[in-house]
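Below is the file input26.tsv, which contains TSV, C-alpha atoms and all ligand atoms.
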```
chain	number	residue	atom	x	y	z
A	1	MET	CA	1.31	-67.66	46.04
A	2	ASN	CA	4.84	-66.50	45.38
A	3	ILE	CA	4.44	-63.48	43.15
A	4	SER	CA	8.00	-63.29	41.87
A	5	GLU	CA	8.20	-67.01	41.21
A	6	ASN	CA	4.94	-66.95	39.25
A	7	LEU	CA	5.94	-63.87	37.32
A	8	ASN	CA	9.36	-65.11	36.38
A	9	LYS	CA	8.03	-68.47	35.29
A	10	ILE	CA	5.20	-67.00	33.22
A	11	SER	CA	7.25	-64.27	31.59
A	12	ALA	CA	10.07	-66.67	30.70
A	13	ALA	CA	7.56	-68.91	28.91
A	14	LEU	CA	6.00	-66.12	26.82
A	15	PRO	CA	7.06	-65.75	23.19
A	16	LYS	CA	9.51	-62.85	22.81
A	17	ASN	CA	7.04	-60.64	20.94
A	18	VAL	CA	4.34	-60.88	23.63
A	19	LYS	CA	4.18	-58.21	26.32
A	20	LEU	CA	2.98	-59.07	29.81
A	21	LEU	CA	0.63	-56.66	31.54
A	22	VAL	CA	0.07	-57.39	35.22
A	23	ALA	CA	-3.58	-56.75	36.13
A	24	THR	CA	-3.43	-55.21	39.59
A	25	LYS	CA	-7.03	-54.37	40.49
A	26	SER	CA	-7.68	-55.14	44.16
A	27	ARG	CA	-3.97	-55.84	44.72
A	28	SER	CA	-2.05	-53.81	47.30
A	29	VAL	CA	0.80	-51.41	46.68
A	30	SER	CA	3.16	-53.86	48.39
A	31	GLU	CA	2.07	-56.58	45.98
A	32	ILE	CA	2.70	-54.20	43.09
A	33	GLU	CA	6.12	-53.38	44.55
A	34	GLN	CA	6.94	-57.09	44.33
A	35	VAL	CA	6.01	-56.99	40.65
A	36	LEU	CA	8.23	-53.96	40.02
A	37	ALA	CA	11.09	-55.68	41.83
A	38	CYS	CA	10.91	-58.41	39.16
A	39	GLU	CA	11.46	-55.74	36.51
A	40	GLN	CA	7.90	-56.10	35.30
A	41	THR	CA	6.70	-52.51	34.99
A	42	LEU	CA	3.58	-52.77	32.85
A	43	ILE	CA	0.51	-52.71	35.07
A	44	GLY	CA	-3.20	-52.49	34.36
A	45	GLU	CA	-5.85	-50.98	36.59
A	46	ASN	CA	-9.63	-51.08	36.13
A	47	TYR	CA	-10.78	-48.16	38.25
A	48	VAL	CA	-9.48	-44.61	38.07
A	49	GLN	CA	-9.95	-43.92	41.77
A	50	GLU	CA	-8.10	-47.06	42.82
A	51	ALA	CA	-5.31	-46.29	40.35
A	52	GLU	CA	-5.03	-42.74	41.65
A	53	LYS	CA	-4.25	-43.93	45.18
A	54	LYS	CA	-1.60	-46.30	43.92
A	55	PHE	CA	-0.16	-43.76	41.49
A	56	VAL	CA	0.67	-41.43	44.38
A	57	LEU	CA	3.00	-44.11	45.78
A	58	ILE	CA	4.29	-45.74	42.62
A	59	GLY	CA	4.19	-42.98	40.02
A	60	LYS	CA	6.32	-43.29	36.92
A	61	ARG	CA	8.16	-46.40	38.09
A	62	ALA	CA	5.37	-48.27	36.32
A	63	THR	CA	3.72	-47.91	32.93
A	64	TRP	CA	0.00	-47.57	33.54
A	65	HIS	CA	-2.73	-49.04	31.35
A	66	LEU	CA	-6.42	-48.48	32.00
A	67	ILE	CA	-8.13	-51.81	31.32
A	68	GLY	CA	-11.58	-51.02	32.77
A	69	HIS	CA	-14.32	-48.91	31.27
A	70	LEU	CA	-13.64	-45.17	31.44
A	71	GLN	CA	-16.44	-42.97	32.70
A	72	LYS	CA	-16.73	-39.46	31.31
A	73	ASN	CA	-16.43	-37.84	34.72
A	74	LYS	CA	-13.11	-39.65	35.32
A	75	VAL	CA	-11.38	-38.60	32.11
A	76	LYS	CA	-9.49	-35.70	33.63
A	77	LYS	CA	-7.91	-37.85	36.34
A	78	ALA	CA	-7.34	-40.73	33.95
A	79	ALA	CA	-5.44	-38.48	31.56
A	80	ARG	CA	-2.99	-37.63	34.32
A	81	ILE	CA	-2.36	-41.19	35.43
A	82	PHE	CA	-2.48	-43.46	32.40
A	83	ASP	CA	0.06	-43.90	29.64
A	84	LEU	CA	-2.37	-46.03	27.64
A	85	VAL	CA	-6.13	-46.48	27.69
A	86	GLU	CA	-7.11	-49.94	26.41
A	87	THR	CA	-10.85	-49.41	26.51
A	88	LEU	CA	-11.64	-46.53	24.18
A	89	ASP	CA	-15.09	-47.19	22.76
A	90	SER	CA	-16.87	-43.92	22.00
A	91	LEU	CA	-16.09	-40.79	20.06
A	92	GLU	CA	-17.31	-38.66	22.91
A	93	LEU	CA	-14.77	-40.31	25.20
A	94	ALA	CA	-12.05	-39.91	22.59
A	95	ALA	CA	-12.77	-36.20	22.28
A	96	LEU	CA	-12.73	-35.70	26.05
A	97	LEU	CA	-9.53	-37.69	26.50
A	98	ASP	CA	-7.83	-35.84	23.65
A	99	ARG	CA	-8.77	-32.52	25.20
A	100	GLU	CA	-7.42	-33.44	28.63
A	101	ALA	CA	-4.25	-34.88	27.12
A	102	ALA	CA	-3.71	-31.63	25.20
A	103	LYS	CA	-4.07	-29.63	28.42
A	104	LEU	CA	-1.36	-31.79	29.96
A	105	ASN	CA	0.78	-31.46	26.86
A	106	LYS	CA	0.77	-35.24	26.67
A	107	ILE	CA	0.13	-37.89	24.05
A	108	ILE	CA	-1.98	-40.74	25.39
A	109	ASP	CA	-1.77	-44.13	23.69
A	110	VAL	CA	-5.10	-45.81	23.07
A	111	LEU	CA	-6.47	-49.18	22.09
A	112	ILE	CA	-9.98	-49.58	20.79
A	113	GLU	CA	-12.00	-52.06	22.78
A	114	VAL	CA	-13.85	-54.42	20.47
A	115	ASN	CA	-17.12	-55.99	21.60
A	116	SER	CA	-16.12	-59.12	19.72
A	117	GLY	CA	-19.08	-61.15	20.97
A	118	CYS	CA	-21.56	-58.43	19.90
A	119	GLU	CA	-23.06	-58.64	23.36
A	120	ALA	CA	-25.87	-56.23	24.18
A	121	ASN	CA	-24.70	-55.19	27.64
A	122	LYS	CA	-20.97	-55.07	26.99
A	123	ASN	CA	-18.74	-52.09	26.36
A	124	GLY	CA	-16.68	-51.87	23.23
A	125	VAL	CA	-17.14	-51.04	19.58
A	126	LEU	CA	-19.02	-53.59	17.48
A	127	PRO	CA	-16.77	-55.34	14.94
A	128	GLU	CA	-18.68	-53.85	12.00
A	129	ASN	CA	-18.05	-50.32	13.30
A	130	VAL	CA	-14.36	-50.65	14.16
A	131	LEU	CA	-12.98	-49.41	10.84
A	132	ALA	CA	-15.03	-46.22	10.87
A	133	PHE	CA	-14.18	-45.69	14.54
A	134	VAL	CA	-10.45	-46.05	13.85
A	135	GLU	CA	-10.67	-43.38	11.16
A	136	ALA	CA	-12.57	-41.04	13.46
A	137	VAL	CA	-10.09	-41.48	16.32
A	138	ALA	CA	-7.07	-41.07	14.05
A	139	VAL	CA	-7.75	-37.31	13.74
A	140	PHE	CA	-7.18	-36.57	17.43
A	141	LYS	CA	-3.73	-35.06	17.81
A	142	ASN	CA	-3.15	-36.01	21.43
A	143	LEU	CA	-4.24	-39.64	21.08
A	144	ARG	CA	-1.94	-42.22	19.54
A	145	LEU	CA	-3.78	-45.24	18.15
A	146	ARG	CA	-1.85	-48.39	18.96
A	147	GLY	CA	-4.30	-51.22	18.21
A	148	LEU	CA	-7.19	-53.26	19.57
A	149	MET	CA	-8.24	-54.89	22.81
A	150	THR	CA	-10.96	-57.45	23.44
A	151	MET	CA	-12.32	-59.43	26.37
A	152	GLY	CA	-14.75	-61.72	24.56
A	153	PRO	CA	-17.79	-63.30	26.20
A	154	ALA	CA	-17.62	-65.07	29.57
A	155	LEU	CA	-16.95	-68.52	28.12
A	156	PRO	CA	-14.39	-71.26	28.67
A	157	PRO	CA	-11.06	-70.43	26.95
A	158	LYS	CA	-11.49	-72.82	24.02
A	159	GLN	CA	-14.78	-71.20	23.12
A	160	LEU	CA	-13.12	-67.78	23.01
A	161	ILE	CA	-11.00	-68.69	20.00
A	162	PRO	CA	-13.48	-67.41	17.37
A	163	PHE	CA	-13.66	-64.03	19.15
A	164	PHE	CA	-9.87	-63.75	19.35
A	165	LYS	CA	-9.64	-64.76	15.71
A	166	LEU	CA	-12.15	-62.12	14.65
A	167	THR	CA	-10.31	-59.41	16.57
A	168	TYR	CA	-6.96	-60.49	15.12
A	169	GLU	CA	-8.41	-60.32	11.61
A	170	LEU	CA	-9.69	-56.79	12.23
A	171	PHE	CA	-6.30	-55.82	13.64
A	172	GLN	CA	-4.48	-57.13	10.55
A	173	GLN	CA	-6.99	-55.66	8.15
A	174	ILE	CA	-6.47	-52.21	9.61
A	175	LYS	CA	-2.71	-52.68	9.69
A	176	ASN	CA	-2.74	-53.47	5.97
A	177	SER	CA	-5.26	-50.86	4.83
A	178	HIS	CA	-4.22	-47.92	7.06
A	179	GLN	CA	-0.50	-47.66	6.67
A	180	GLY	CA	-0.63	-44.07	7.87
A	181	LEU	CA	-1.18	-45.49	11.36
A	182	LYS	CA	2.51	-45.67	12.15
A	183	ASN	CA	2.11	-46.99	15.69
A	184	TRP	CA	-0.49	-49.69	15.06
A	185	ASP	CA	1.25	-52.51	16.92
A	186	LEU	CA	-0.71	-53.80	19.94
A	187	LEU	CA	-3.32	-56.53	20.12
A	188	SER	CA	-4.42	-57.00	23.74
A	189	MET	CA	-6.26	-60.30	24.26
A	190	GLY	CA	-6.22	-62.99	26.92
A	191	MET	CA	-6.43	-63.21	30.70
A	192	SER	CA	-5.26	-65.85	33.17
A	193	ASP	CA	-7.48	-68.63	31.85
A	194	SER	CA	-7.25	-67.73	28.18
A	195	TYR	CA	-3.90	-66.13	27.42
A	196	LEU	CA	-2.31	-69.16	25.79
A	197	ALA	CA	-5.26	-69.48	23.40
A	198	ALA	CA	-5.10	-65.72	22.76
A	199	ILE	CA	-1.40	-65.85	21.91
A	200	GLU	CA	-2.08	-68.66	19.46
A	201	GLN	CA	-4.58	-66.33	17.79
A	202	GLY	CA	-2.09	-63.47	17.51
A	203	ALA	CA	-2.26	-61.52	20.79
A	204	ASN	CA	0.94	-59.63	21.58
A	205	LEU	CA	-0.23	-58.16	24.89
A	206	VAL	CA	-1.78	-60.35	27.59
A	207	ARG	CA	-3.38	-59.14	30.82
A	208	LEU	CA	-2.77	-61.41	33.79
A	209	GLY	CA	-3.84	-61.18	37.41
A	210	THR	CA	-4.92	-64.46	39.00
A	211	VAL	CA	-2.07	-66.62	37.69
A	212	ILE	CA	0.37	-64.17	39.26
A	213	PHE	CA	-1.28	-63.20	42.54
A	214	GLY	CA	-3.77	-65.99	43.16
A	215	PRO	CA	-7.55	-65.55	43.35
A	216	ARG	CA	-8.95	-62.12	44.17
A	301	LIG	C1	-9.11	-58.38	35.89
A	301	LIG	C2	-8.82	-58.28	34.45
A	301	LIG	C3	-7.82	-59.05	33.86
A	301	LIG	C4	-7.04	-60.12	34.60
A	301	LIG	O1	-7.88	-61.16	34.91
A	301	LIG	P1	-7.32	-62.52	35.57
A	301	LIG	O2	-8.35	-63.52	35.23
A	301	LIG	O3	-7.20	-62.27	37.03
A	301	LIG	O4	-6.01	-62.80	34.92
A	301	LIG	C5	-7.57	-58.84	32.53
A	301	LIG	N1	-8.24	-57.95	31.79
A	301	LIG	C6	-9.21	-57.18	32.33
A	301	LIG	C7	-9.92	-56.20	31.48
A	301	LIG	C8	-9.53	-57.33	33.68
A	301	LIG	O5	-10.51	-56.59	34.20
```

Rewrite the coordinates I just gave you, this time as structure tokens.
Amino acid sequence: MNISENLNKISAALPKNVKLLVATKSRSVSEIEQVLACEQTLIGENYVQEAEKKFVLIGKRATWHLIGHLQKNKVKKAARIFDLVETLDSLELAALLDREAAKLNKIIDVLIEVNSGCEANKNGVLPENVLAFVEAVAVFKNLRLRGLMTMGPALPPKQLIPFFKLTYELFQQIKNSHQGLKNWDLLSMGMSDSYLAAIEQGANLVRLGTVIFGPR
């Protein structure tokens, strides 16, 4: 796999309004350096401890998104490292993250993770609870609500379309009804096998690993 070739090809083919996040879990710092050399600076990590090790070497040359579930006991470290948390899904977590961000005198961007498949063992806020959750999170002064993120069930890409559609509709509904949310602009949906379908359904942030680096 030629990382820069893959990246340049994929990013050139994306619609102008779609941001590319490079999912770097299990990838080495030297692989990430190759990404940065292509002027792609938006990276996503799943685990706080893994991100911490990489952050020491890469620091603010990248913009860091947390794309894995955040555990309560990792919030303090996460607040230091991440510019944006894509997986906010509980009020308790929001309160903890807001408090740590305040201590750091920092505003942390957040997306709400939607459990768009209403799956019992999955993280994320159920679609029916997203509106109330948005309103509850909007009061935290050190969190900036930017939009929604979803994974959808583990299904072939075509079968994910209804879940992307549902999340897009929620995203638009909130955009229209909550005009006080001045920074409501990000809809993170789609991975290597599903990003084209996700973009068709309105995603403007896609999270790609395998198509850039090869299989993990
Ligand atoms: C790993 C991961 C990705 C990237 O997955 P690929 O299939 O390798 O593109 C995207 N989003 C999340 C939340 C991930 O954990």

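Nearest residue to Pro153 in chain A among A:Ala120, A:Leu208, A:Ile58, A:Leu42 is A:Ala120, counting only C-alpha atoms.
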
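Excluding Lys74 in chain A itself and any same-chain residue fewer than 5 positions from it, the protein and nucleic acid residues within 9 Å of it, counting only C-alpha atoms, are Val48, Gln49 and Ala79 of chain A.
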
From the set A:Pro157, A:Gly68, A:Pro127, A:Gly152, which residue has the shortest atom-to-atom contact distance to ligand LIG 301 (chain A), counting only C-alpha atoms and all ligand atoms? A:Gly68

Ranking A:Asp98, A:Glu128, A:Glu50, A:Glu113 by minimum distance to ligand LIG 301 (chain A) and counting only C-alpha atoms and all ligand atoms, which one comes first?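 For ligand LIG 301 (chain A), the nearest of the given residues is A:Glu113.
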
Kindly compute an axis-aligned box around the listed atoms of range 151-160 of chain A, allowing 6 Å on each side, and express its centre and edge lengths in Å to one decimal as lines of an AutoDock Vina configuration file.
```
center_x = -14.4
center_y = -66.1
center_z = 26.3
size_x = 18.7
size_y = 25.4
size_z = 18.6
```

In terms of all atoms listed in the file, the residue from A:Ala95, A:Ala23, A:Ala138, A:Leu57 at minimal distance from ligand LIG 301 (chain A) is A:Ala23

Test item: residues no farther than 6 Å from ligand LIG 301 (chain A), counting all atoms listed in the file, as JSON, numbers by chain: {"A": [23, 46, 67, 68, 191, 192, 207, 208, 209, 210]}

The residue from A:Ala203, A:Val18, A:Leu181, A:Leu70 with the smallest atom-to-atom distance to Val139 in chain A, counting only C-alpha atoms, is A:Leu181

List every protein, DNA or RNA residue with an atom no more than 10 Å from (-4.6, -70.3, 17.4) in the file's coordinates, counting all atoms listed in the file, and format the result as number ranges by chain. A: 158, 161-162, 164-165, 196-203

Quick check, in Å to one decimal: how far apart do CA of Thr87 in chain A and CA of Arg61 in chain A lie?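 Distance reported for this atom pair: 22.5 Å.
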
Using all atoms listed in the file, which residues sit within 8 Å of Phe171 in chain A once same-chain residues fewer than 4 positions away are excluded, as a PDB file with C-alpha atoms, in the coordinates of the input?
```
ATOM      1  CA  GLY A 147      -4.300 -51.220  18.210  1.00  0.00           C
ATOM      2  CA  LEU A 148      -7.190 -53.260  19.570  1.00  0.00           C
ATOM      3  CA  THR A 167     -10.310 -59.410  16.570  1.00  0.00           C
ATOM      4  CA  LYS A 175      -2.710 -52.680   9.690  1.00  0.00           C
ATOM      5  CA  LEU A 187      -3.320 -56.530  20.120  1.00  0.00           C
TER       6      LEU A 187
END
```

Given only C-alpha atoms as the basis, pick out the residue of A:Val206, A:Ile10, A:Leu21, A:Leu143 nearest to Asn105 in chain A.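 The closest residue to Asn105 in chain A is A:Leu143.
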
Which distance in Å separates CA of Ile108 in chain A and CA of Val125 in chain A, to one decimal?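 Here the two named atoms are 19.2 Å from each other.
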
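When CA of Leu97 in chain A is paired with CA of Asn204 in chain A, their separation reads 24.8 Å.
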
Could you write range 196-207 of chain A as a PDB file, keeping the file's coordinate frame, with all heavy atoms rebuilt where they are missing?
```
ATOM      1  N   LEU A 196      -3.047 -68.307  26.737  1.00  0.00           N
ATOM      2  CA  LEU A 196      -2.310 -69.160  25.790  1.00  0.00           C
ATOM      3  C   LEU A 196      -3.090 -69.293  24.483  1.00  0.00           C
ATOM      4  O   LEU A 196      -2.510 -69.207  23.391  1.00  0.00           O
ATOM      5  CB  LEU A 196      -2.020 -70.525  26.429  1.00  0.00           C
ATOM      6  CG  LEU A 196      -1.054 -70.447  27.630  1.00  0.00           C
ATOM      7  CD1 LEU A 196      -0.933 -71.792  28.327  1.00  0.00           C
ATOM      8  CD2 LEU A 196       0.330 -69.931  27.211  1.00  0.00           C
ATOM      9  N   ALA A 197      -4.414 -69.440  24.602  1.00  0.00           N
ATOM     10  CA  ALA A 197      -5.260 -69.480  23.400  1.00  0.00           C
ATOM     11  C   ALA A 197      -5.173 -68.151  22.654  1.00  0.00           C
ATOM     12  O   ALA A 197      -5.112 -68.112  21.419  1.00  0.00           O
ATOM     13  CB  ALA A 197      -6.708 -69.781  23.786  1.00  0.00           C
ATOM     14  N   ALA A 198      -5.156 -67.048  23.388  1.00  0.00           N
ATOM     15  CA  ALA A 198      -5.100 -65.720  22.760  1.00  0.00           C
ATOM     16  C   ALA A 198      -3.791 -65.525  21.987  1.00  0.00           C
ATOM     17  O   ALA A 198      -3.781 -64.986  20.877  1.00  0.00           O
ATOM     18  CB  ALA A 198      -5.270 -64.630  23.819  1.00  0.00           C
ATOM     19  N   ILE A 199      -2.699 -65.979  22.571  1.00  0.00           N
ATOM     20  CA  ILE A 199      -1.400 -65.850  21.910  1.00  0.00           C
ATOM     21  C   ILE A 199      -1.389 -66.669  20.615  1.00  0.00           C
ATOM     22  O   ILE A 199      -0.899 -66.211  19.583  1.00  0.00           O
ATOM     23  CB  ILE A 199      -0.256 -66.270  22.859  1.00  0.00           C
ATOM     24  CG1 ILE A 199      -0.103 -65.238  23.975  1.00  0.00           C
ATOM     25  CG2 ILE A 199       1.068 -66.432  22.096  1.00  0.00           C
ATOM     26  CD1 ILE A 199       0.802 -65.687  25.116  1.00  0.00           C
ATOM     27  N   GLU A 200      -1.978 -67.842  20.681  1.00  0.00           N
ATOM     28  CA  GLU A 200      -2.080 -68.660  19.460  1.00  0.00           C
ATOM     29  C   GLU A 200      -2.860 -67.938  18.364  1.00  0.00           C
ATOM     30  O   GLU A 200      -2.624 -68.158  17.177  1.00  0.00           O
ATOM     31  CB  GLU A 200      -2.759 -70.000  19.750  1.00  0.00           C
ATOM     32  CG  GLU A 200      -1.824 -71.024  20.353  1.00  0.00           C
ATOM     33  CD  GLU A 200      -2.522 -72.355  20.621  1.00  0.00           C
ATOM     34  OE1 GLU A 200      -3.566 -72.628  19.993  1.00  0.00           O
ATOM     35  OE2 GLU A 200      -2.012 -73.104  21.474  1.00  0.00           O
ATOM     36  N   GLN A 201      -3.773 -67.070  18.774  1.00  0.00           N
ATOM     37  CA  GLN A 201      -4.580 -66.330  17.790  1.00  0.00           C
ATOM     38  C   GLN A 201      -3.974 -64.976  17.460  1.00  0.00           C
ATOM     39  O   GLN A 201      -4.621 -64.151  16.817  1.00  0.00           O
ATOM     40  CB  GLN A 201      -6.023 -66.178  18.278  1.00  0.00           C
ATOM     41  CG  GLN A 201      -6.741 -67.493  18.526  1.00  0.00           C
ATOM     42  CD  GLN A 201      -6.662 -68.451  17.340  1.00  0.00           C
ATOM     43  OE1 GLN A 201      -6.766 -68.031  16.194  1.00  0.00           O
ATOM     44  NE2 GLN A 201      -6.464 -69.735  17.614  1.00  0.00           N
ATOM     45  N   GLY A 202      -2.778 -64.690  17.947  1.00  0.00           N
ATOM     46  CA  GLY A 202      -2.090 -63.470  17.510  1.00  0.00           C
ATOM     47  C   GLY A 202      -1.968 -62.356  18.532  1.00  0.00           C
ATOM     48  O   GLY A 202      -1.462 -61.280  18.211  1.00  0.00           O
ATOM     49  N   ALA A 203      -2.415 -62.564  19.766  1.00  0.00           N
ATOM     50  CA  ALA A 203      -2.260 -61.520  20.790  1.00  0.00           C
ATOM     51  C   ALA A 203      -0.777 -61.225  21.006  1.00  0.00           C
ATOM     52  O   ALA A 203       0.056 -62.145  20.998  1.00  0.00           O
ATOM     53  CB  ALA A 203      -2.874 -61.984  22.115  1.00  0.00           C
ATOM     54  N   ASN A 204      -0.437 -59.940  21.199  1.00  0.00           N
ATOM     55  CA  ASN A 204       0.940 -59.630  21.580  1.00  0.00           C
ATOM     56  C   ASN A 204       1.004 -58.825  22.882  1.00  0.00           C
ATOM     57  O   ASN A 204       2.047 -58.302  23.258  1.00  0.00           O
ATOM     58  CB  ASN A 204       1.707 -58.948  20.446  1.00  0.00           C
ATOM     59  CG  ASN A 204       1.082 -57.631  20.044  1.00  0.00           C
ATOM     60  OD1 ASN A 204       0.309 -57.039  20.801  1.00  0.00           O
ATOM     61  ND2 ASN A 204       1.417 -57.163  18.858  1.00  0.00           N
ATOM     62  N   LEU A 205      -0.146 -58.762  23.563  1.00  0.00           N
ATOM     63  CA  LEU A 205      -0.230 -58.160  24.890  1.00  0.00           C
ATOM     64  C   LEU A 205      -1.263 -58.973  25.660  1.00  0.00           C
ATOM     65  O   LEU A 205      -2.403 -59.094  25.213  1.00  0.00           O
ATOM     66  CB  LEU A 205      -0.652 -56.689  24.754  1.00  0.00           C
ATOM     67  CG  LEU A 205      -0.946 -55.887  26.013  1.00  0.00           C
ATOM     68  CD1 LEU A 205       0.249 -55.854  26.951  1.00  0.00           C
ATOM     69  CD2 LEU A 205      -1.345 -54.450  25.656  1.00  0.00           C
ATOM     70  N   VAL A 206      -0.835 -59.570  26.785  1.00  0.00           N
ATOM     71  CA  VAL A 206      -1.780 -60.350  27.590  1.00  0.00           C
ATOM     72  C   VAL A 206      -1.892 -59.717  28.974  1.00  0.00           C
ATOM     73  O   VAL A 206      -0.954 -59.116  29.477  1.00  0.00           O
ATOM     74  CB  VAL A 206      -1.339 -61.840  27.707  1.00  0.00           C
ATOM     75  CG1 VAL A 206      -1.419 -62.533  26.360  1.00  0.00           C
ATOM     76  CG2 VAL A 206       0.067 -61.982  28.302  1.00  0.00           C
ATOM     77  N   ARG A 207      -3.091 -59.826  29.554  1.00  0.00           N
ATOM     78  CA  ARG A 207      -3.380 -59.140  30.820  1.00  0.00           C
ATOM     79  C   ARG A 207      -3.630 -60.185  31.908  1.00  0.00           C
ATOM     80  O   ARG A 207      -4.647 -60.853  31.908  1.00  0.00           O
ATOM     81  CB  ARG A 207      -4.636 -58.266  30.639  1.00  0.00           C
ATOM     82  CG  ARG A 207      -4.579 -57.349  29.409  1.00  0.00           C
ATOM     83  CD  ARG A 207      -5.894 -56.560  29.245  1.00  0.00           C
ATOM     84  NE  ARG A 207      -7.060 -57.416  29.256  1.00  0.00           N
ATOM     85  CZ  ARG A 207      -7.625 -57.943  28.162  1.00  0.00           C
ATOM     86  NH1 ARG A 207      -7.154 -57.677  26.965  1.00  0.00           N
ATOM     87  NH2 ARG A 207      -8.680 -58.724  28.291  1.00  0.00           N
TER      88      ARG A 207
END
```
